[in-house]
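Text of run21.txt (compact mmCIF, N, CA and C atoms) as supplied:
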# COMPACT_ATOMS: atom_id res chain seq x y z
N PRO A 1 15.28 -73.59 39.92
CA PRO A 1 14.70 -74.93 40.00
C PRO A 1 14.77 -75.65 38.65
N SER A 2 14.78 -76.94 38.71
CA SER A 2 14.80 -77.75 37.51
C SER A 2 13.64 -77.35 36.60
N GLY A 3 13.92 -77.22 35.32
CA GLY A 3 12.88 -76.89 34.36
C GLY A 3 12.66 -75.40 34.15
N VAL A 4 13.29 -74.57 34.96
CA VAL A 4 13.17 -73.12 34.79
C VAL A 4 14.42 -72.62 34.09
N VAL A 5 14.23 -71.92 32.99
CA VAL A 5 15.35 -71.36 32.24
C VAL A 5 15.60 -69.95 32.77
N ALA A 6 16.78 -69.75 33.32
CA ALA A 6 17.11 -68.48 33.97
C ALA A 6 16.92 -67.29 33.04
N SER A 7 17.37 -67.40 31.81
CA SER A 7 17.26 -66.26 30.89
C SER A 7 15.81 -65.90 30.62
N GLU A 8 14.93 -66.88 30.58
CA GLU A 8 13.50 -66.61 30.38
C GLU A 8 12.90 -65.93 31.60
N LEU A 9 13.28 -66.39 32.78
CA LEU A 9 12.78 -65.80 34.02
C LEU A 9 13.24 -64.34 34.13
N VAL A 10 14.49 -64.08 33.81
CA VAL A 10 15.01 -62.71 33.85
C VAL A 10 14.29 -61.84 32.82
N ALA A 11 14.08 -62.35 31.63
CA ALA A 11 13.40 -61.59 30.59
C ALA A 11 11.99 -61.20 31.03
N GLU A 12 11.30 -62.11 31.68
CA GLU A 12 9.96 -61.81 32.18
C GLU A 12 10.01 -60.74 33.27
N ALA A 13 10.96 -60.86 34.18
CA ALA A 13 11.09 -59.87 35.25
C ALA A 13 11.39 -58.50 34.67
N LEU A 14 12.27 -58.43 33.69
CA LEU A 14 12.63 -57.15 33.08
C LEU A 14 11.50 -56.58 32.23
N ALA A 15 10.66 -57.44 31.68
CA ALA A 15 9.51 -56.95 30.92
C ALA A 15 8.55 -56.21 31.85
N GLY A 16 8.48 -56.66 33.09
CA GLY A 16 7.63 -56.00 34.07
C GLY A 16 8.25 -54.74 34.64
N ASP A 17 9.58 -54.70 34.72
CA ASP A 17 10.30 -53.54 35.25
C ASP A 17 11.70 -53.54 34.66
N GLY A 18 11.89 -52.77 33.63
CA GLY A 18 13.16 -52.72 32.92
C GLY A 18 14.30 -52.08 33.70
N THR A 19 14.00 -51.53 34.87
CA THR A 19 15.05 -50.90 35.67
C THR A 19 15.70 -51.85 36.66
N LEU A 20 15.19 -53.07 36.77
CA LEU A 20 15.77 -54.02 37.71
C LEU A 20 17.19 -54.37 37.31
N PRO A 21 18.10 -54.49 38.27
CA PRO A 21 19.49 -54.81 37.95
C PRO A 21 19.72 -56.32 37.80
N LEU A 22 18.99 -56.92 36.86
CA LEU A 22 19.06 -58.37 36.66
C LEU A 22 19.72 -58.71 35.34
N ALA A 23 20.43 -59.82 35.33
CA ALA A 23 21.03 -60.34 34.10
C ALA A 23 21.14 -61.84 34.22
N ALA A 24 20.88 -62.52 33.12
CA ALA A 24 21.10 -63.97 33.08
C ALA A 24 22.53 -64.22 32.67
N GLY A 25 23.03 -65.37 33.05
CA GLY A 25 24.37 -65.75 32.62
C GLY A 25 24.40 -65.90 31.10
N GLY A 26 25.56 -65.81 30.53
CA GLY A 26 25.68 -65.97 29.09
C GLY A 26 26.08 -67.38 28.71
N GLY A 27 25.94 -67.69 27.45
CA GLY A 27 26.35 -68.99 26.94
C GLY A 27 25.69 -70.14 27.67
N ALA A 28 26.52 -71.09 28.10
CA ALA A 28 26.01 -72.29 28.77
C ALA A 28 25.32 -71.96 30.09
N LEU A 29 25.65 -70.83 30.68
CA LEU A 29 25.05 -70.46 31.97
C LEU A 29 23.70 -69.76 31.82
N ALA A 30 23.27 -69.47 30.61
CA ALA A 30 22.02 -68.76 30.39
C ALA A 30 20.81 -69.52 30.93
N LYS A 31 20.94 -70.82 31.04
CA LYS A 31 19.82 -71.62 31.54
C LYS A 31 19.76 -71.69 33.06
N GLU A 32 20.89 -71.40 33.74
CA GLU A 32 20.91 -71.68 35.17
C GLU A 32 21.40 -70.56 36.08
N MET A 33 21.93 -69.47 35.53
CA MET A 33 22.50 -68.44 36.40
C MET A 33 21.77 -67.12 36.26
N ILE A 34 21.49 -66.50 37.40
CA ILE A 34 20.90 -65.16 37.44
C ILE A 34 21.77 -64.31 38.33
N ARG A 35 22.07 -63.10 37.83
CA ARG A 35 22.85 -62.15 38.62
C ARG A 35 21.96 -60.98 39.00
N VAL A 36 22.02 -60.59 40.26
CA VAL A 36 21.41 -59.35 40.72
C VAL A 36 22.58 -58.39 40.87
N ASN A 37 22.73 -57.50 39.91
CA ASN A 37 23.89 -56.60 39.84
C ASN A 37 23.70 -55.40 40.77
N HIS A 38 23.80 -55.64 42.05
CA HIS A 38 23.54 -54.59 43.04
C HIS A 38 24.85 -53.95 43.49
N TYR A 39 25.36 -53.09 42.65
CA TYR A 39 26.56 -52.32 42.95
C TYR A 39 26.37 -50.93 42.36
N GLY A 40 27.24 -50.00 42.72
CA GLY A 40 27.10 -48.64 42.21
C GLY A 40 25.78 -48.04 42.63
N VAL A 41 25.08 -47.43 41.67
CA VAL A 41 23.80 -46.78 41.99
C VAL A 41 22.72 -47.80 42.36
N ASP A 42 22.92 -49.06 42.02
CA ASP A 42 21.96 -50.10 42.36
C ASP A 42 22.28 -50.78 43.68
N ALA A 43 23.22 -50.24 44.43
CA ALA A 43 23.62 -50.83 45.72
C ALA A 43 22.64 -50.39 46.80
N THR A 44 21.40 -50.85 46.65
CA THR A 44 20.37 -50.53 47.64
C THR A 44 19.61 -51.80 47.99
N ALA A 45 19.11 -51.81 49.20
CA ALA A 45 18.28 -52.94 49.61
C ALA A 45 17.02 -53.01 48.75
N GLU A 46 16.49 -51.86 48.36
CA GLU A 46 15.28 -51.84 47.54
C GLU A 46 15.51 -52.49 46.18
N ALA A 47 16.67 -52.27 45.58
CA ALA A 47 16.98 -52.91 44.29
C ALA A 47 16.99 -54.42 44.43
N VAL A 48 17.55 -54.92 45.52
CA VAL A 48 17.60 -56.36 45.75
C VAL A 48 16.20 -56.89 46.06
N ARG A 49 15.47 -56.19 46.94
CA ARG A 49 14.09 -56.62 47.26
C ARG A 49 13.23 -56.68 46.00
N SER A 50 13.30 -55.64 45.19
CA SER A 50 12.49 -55.60 43.97
C SER A 50 12.88 -56.71 43.00
N SER A 51 14.15 -56.97 42.89
CA SER A 51 14.61 -58.04 42.00
C SER A 51 14.12 -59.39 42.47
N LEU A 52 14.25 -59.66 43.76
CA LEU A 52 13.79 -60.95 44.29
C LEU A 52 12.28 -61.08 44.19
N ALA A 53 11.56 -59.99 44.39
CA ALA A 53 10.10 -60.03 44.26
C ALA A 53 9.69 -60.37 42.83
N ALA A 54 10.35 -59.75 41.85
CA ALA A 54 10.03 -60.02 40.44
C ALA A 54 10.37 -61.46 40.06
N LEU A 55 11.52 -61.93 40.52
CA LEU A 55 11.89 -63.32 40.23
C LEU A 55 10.93 -64.29 40.93
N GLY A 56 10.56 -63.99 42.15
CA GLY A 56 9.61 -64.83 42.89
C GLY A 56 8.26 -64.88 42.19
N ALA A 57 7.81 -63.74 41.67
CA ALA A 57 6.53 -63.70 40.96
C ALA A 57 6.59 -64.59 39.72
N GLY A 58 7.72 -64.56 39.03
CA GLY A 58 7.88 -65.41 37.85
C GLY A 58 7.87 -66.89 38.21
N LEU A 59 8.49 -67.22 39.32
CA LEU A 59 8.49 -68.62 39.76
C LEU A 59 7.10 -69.05 40.20
N ALA A 60 6.41 -68.16 40.93
CA ALA A 60 5.04 -68.48 41.37
C ALA A 60 4.11 -68.67 40.18
N ALA A 61 4.31 -67.87 39.13
CA ALA A 61 3.49 -68.00 37.93
C ALA A 61 3.68 -69.35 37.26
N ARG A 62 4.81 -69.99 37.53
CA ARG A 62 5.08 -71.32 37.00
C ARG A 62 4.59 -72.42 37.93
N GLY A 63 3.91 -72.01 38.99
CA GLY A 63 3.35 -72.98 39.93
C GLY A 63 4.33 -73.45 40.99
N LEU A 64 5.47 -72.77 41.11
CA LEU A 64 6.46 -73.15 42.11
C LEU A 64 6.20 -72.42 43.42
N THR A 65 6.58 -73.05 44.50
CA THR A 65 6.41 -72.45 45.81
C THR A 65 7.50 -71.42 46.05
N VAL A 66 7.11 -70.23 46.47
CA VAL A 66 8.07 -69.17 46.79
C VAL A 66 7.77 -68.66 48.20
N ASP A 67 8.74 -68.01 48.78
CA ASP A 67 8.60 -67.46 50.14
C ASP A 67 8.99 -65.98 50.11
N PRO A 68 8.07 -65.11 49.67
CA PRO A 68 8.39 -63.68 49.57
C PRO A 68 8.82 -63.07 50.90
N GLU A 69 8.18 -63.46 51.98
CA GLU A 69 8.54 -62.91 53.28
C GLU A 69 9.93 -63.38 53.70
N GLY A 70 10.26 -64.62 53.43
CA GLY A 70 11.60 -65.12 53.72
C GLY A 70 12.66 -64.39 52.91
N ALA A 71 12.36 -64.09 51.65
CA ALA A 71 13.29 -63.34 50.81
C ALA A 71 13.47 -61.93 51.36
N ARG A 72 12.37 -61.30 51.74
CA ARG A 72 12.44 -59.95 52.30
C ARG A 72 13.28 -59.93 53.56
N GLN A 73 13.06 -60.91 54.43
CA GLN A 73 13.82 -60.98 55.68
C GLN A 73 15.32 -61.22 55.42
N ALA A 74 15.62 -62.04 54.42
CA ALA A 74 17.02 -62.31 54.08
C ALA A 74 17.71 -61.03 53.62
N VAL A 75 17.01 -60.23 52.80
CA VAL A 75 17.58 -58.96 52.34
C VAL A 75 17.84 -58.05 53.53
N GLU A 76 16.84 -57.92 54.40
CA GLU A 76 16.97 -57.04 55.55
C GLU A 76 18.12 -57.50 56.46
N SER A 77 18.23 -58.78 56.65
CA SER A 77 19.29 -59.33 57.52
C SER A 77 20.66 -59.09 56.91
N ALA A 78 20.79 -59.30 55.62
CA ALA A 78 22.09 -59.15 54.96
C ALA A 78 22.48 -57.68 54.79
N TRP A 79 21.51 -56.80 54.75
CA TRP A 79 21.79 -55.39 54.46
C TRP A 79 22.22 -54.59 55.67
N ARG A 80 22.16 -55.15 56.83
CA ARG A 80 22.51 -54.41 58.06
C ARG A 80 23.96 -54.08 58.13

Serialized structure, C-alpha cells:
Amino acid sequence: PSGVVASELVAEALAGDGTLPLAAGGGALAKEMIRVNHYGVDATAEAVRSSLAALGAGLAARGLTVDPEGARQAVESAWR
C-alpha cells in the first residue's frame, strides 16, 4: 500500500521470526517489492501462511485493513 516501505515491513517480519523466507527487492524496488521465497526446503504451505501472517500483522500495526482469513484461504486454494 501507498506509504508502506517494503524493506521496512520485511525487516519487521524477520525481526519477529528470522526463519521466514522473506526478502525485499533491492535498489529501487526496496520500497515496493516483497518476495516470499517459497522454493526448496521452504516450499511448504506453512512457510507461505507464516510469511503472509507476519506481513499482515505489520500492515495491521500501521492501521491498515488486512484479511488474515482471506490470505489463509488463498494459500490453501493455491496449494492444492

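The protein and nucleic acid residues lying at most 8 Å from stretch 6-23 of chain A are A:Ala30, A:Lys31, A:Glu32, A:Met33, A:Ile34, A:Arg35, A:Val36, A:Asn37, A:His38, A:Asp42, A:Ala47, A:Ser50, A:Ser51, A:Ala54, A:Leu55, A:Gly58, A:Leu59, with only C-alpha atoms considered and sequence neighbours fewer than 3 positions away removed.
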
Would you give me, as a list in words, the residues in chain A that DSSP reads as strand (DSSP E)?
Leu22, Ala23, Ala24, Ile34, Arg35 and Val36 of chain A

Apply DSSP to the backbone of this structure and, from chain A, keep only the residues in alpha helix (DSSP H); write these as a ChimeraX atom specification.
/A:6-16,45-61,68-79

Please, what distance in Å, to one decimal, runs between atom CA of A:Glu69 and atom CA of A:Thr44?
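So the two atoms, atom CA of A:Glu69 and atom CA of A:Thr44, lie 18.0 Å apart.
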
Using all atoms listed in the file: which of A:Val48, A:Val5, A:Tyr39, A:Ala61 has the shortest distance to A:Val75:
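Counting all atoms listed in the file, the residue closest to A:Val75 is A:Val48.
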
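Picture a line from atom C of A:Val41 to atom C of A:Gly70; it runs 22.1 Å.
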
Atoms added to stretch 30-41 of chain A (all heavy atoms), reported as a short mmCIF file (atom, residue, chain, number, x, y, z; two decimals), keeping the file's coordinate frame:
data_model
loop_
_atom_site.label_atom_id
_atom_site.label_comp_id
_atom_site.auth_asym_id
_atom_site.auth_seq_id
_atom_site.Cartn_x
_atom_site.Cartn_y
_atom_site.Cartn_z
N ALA A 30 23.27 -69.47 30.61
CA ALA A 30 22.02 -68.76 30.39
C ALA A 30 20.81 -69.52 30.93
O ALA A 30 19.79 -68.92 31.26
CB ALA A 30 21.82 -68.48 28.90
N LYS A 31 20.94 -70.82 31.04
CA LYS A 31 19.82 -71.62 31.54
C LYS A 31 19.76 -71.69 33.06
O LYS A 31 18.73 -72.00 33.62
CB LYS A 31 19.88 -73.04 30.98
CG LYS A 31 19.59 -73.12 29.51
CD LYS A 31 19.57 -74.55 29.06
CE LYS A 31 19.21 -74.62 27.59
NZ LYS A 31 19.13 -75.99 27.11
N GLU A 32 20.89 -71.40 33.74
CA GLU A 32 20.91 -71.68 35.17
C GLU A 32 21.40 -70.56 36.08
O GLU A 32 21.28 -70.67 37.29
CB GLU A 32 21.77 -72.92 35.43
CG GLU A 32 23.19 -72.77 34.96
CD GLU A 32 23.96 -74.07 34.99
OE1 GLU A 32 23.40 -75.10 34.57
OE2 GLU A 32 25.10 -74.06 35.44
N MET A 33 21.93 -69.47 35.53
CA MET A 33 22.50 -68.44 36.40
C MET A 33 21.77 -67.12 36.26
O MET A 33 21.48 -66.68 35.14
CB MET A 33 23.97 -68.22 36.07
CG MET A 33 24.67 -67.30 37.05
SD MET A 33 26.40 -67.04 36.63
CE MET A 33 26.27 -65.50 35.75
N ILE A 34 21.49 -66.50 37.40
CA ILE A 34 20.90 -65.16 37.44
C ILE A 34 21.77 -64.31 38.33
O ILE A 34 22.16 -64.71 39.42
CB ILE A 34 19.46 -65.20 38.00
CG1 ILE A 34 18.55 -65.98 37.06
CG2 ILE A 34 18.94 -63.78 38.22
CD1 ILE A 34 17.16 -66.21 37.60
N ARG A 35 22.07 -63.10 37.83
CA ARG A 35 22.85 -62.15 38.62
C ARG A 35 21.96 -60.98 39.00
O ARG A 35 21.23 -60.45 38.16
CB ARG A 35 24.04 -61.61 37.83
CG ARG A 35 25.07 -62.65 37.51
CD ARG A 35 26.22 -62.08 36.76
NE ARG A 35 25.73 -61.28 35.63
CZ ARG A 35 26.45 -60.42 34.95
NH1 ARG A 35 27.71 -60.22 35.27
NH2 ARG A 35 25.96 -59.76 33.94
N VAL A 36 22.02 -60.59 40.26
CA VAL A 36 21.41 -59.35 40.72
C VAL A 36 22.58 -58.39 40.87
O VAL A 36 23.37 -58.50 41.80
CB VAL A 36 20.65 -59.54 42.05
CG1 VAL A 36 20.06 -58.21 42.52
CG2 VAL A 36 19.54 -60.58 41.90
N ASN A 37 22.73 -57.50 39.91
CA ASN A 37 23.89 -56.60 39.84
C ASN A 37 23.70 -55.40 40.77
O ASN A 37 23.49 -54.29 40.33
CB ASN A 37 24.10 -56.13 38.40
CG ASN A 37 24.41 -57.26 37.47
OD1 ASN A 37 25.19 -58.15 37.80
ND2 ASN A 37 23.80 -57.27 36.31
N HIS A 38 23.80 -55.64 42.05
CA HIS A 38 23.54 -54.59 43.04
C HIS A 38 24.85 -53.95 43.49
O HIS A 38 25.38 -54.21 44.55
CB HIS A 38 22.73 -55.13 44.21
CG HIS A 38 23.36 -56.26 44.95
ND1 HIS A 38 23.63 -57.47 44.37
CD2 HIS A 38 23.78 -56.34 46.23
CE1 HIS A 38 24.19 -58.25 45.27
NE2 HIS A 38 24.29 -57.60 46.40
N TYR A 39 25.36 -53.09 42.65
CA TYR A 39 26.56 -52.32 42.95
C TYR A 39 26.37 -50.93 42.36
O TYR A 39 25.43 -50.69 41.59
CB TYR A 39 27.82 -53.00 42.39
CG TYR A 39 27.77 -53.30 40.92
CD1 TYR A 39 28.14 -52.34 39.99
CD2 TYR A 39 27.33 -54.54 40.46
CE1 TYR A 39 28.07 -52.62 38.63
CE2 TYR A 39 27.26 -54.81 39.12
CZ TYR A 39 27.65 -53.84 38.20
OH TYR A 39 27.58 -54.13 36.86
N GLY A 40 27.24 -50.00 42.72
CA GLY A 40 27.10 -48.64 42.21
C GLY A 40 25.78 -48.04 42.63
O GLY A 40 25.37 -48.16 43.78
N VAL A 41 25.08 -47.43 41.67
CA VAL A 41 23.80 -46.78 41.99
C VAL A 41 22.72 -47.80 42.36
O VAL A 41 21.71 -47.45 42.96
CB VAL A 41 23.31 -45.89 40.84
CG1 VAL A 41 24.27 -44.74 40.60
CG2 VAL A 41 23.08 -46.68 39.57
#
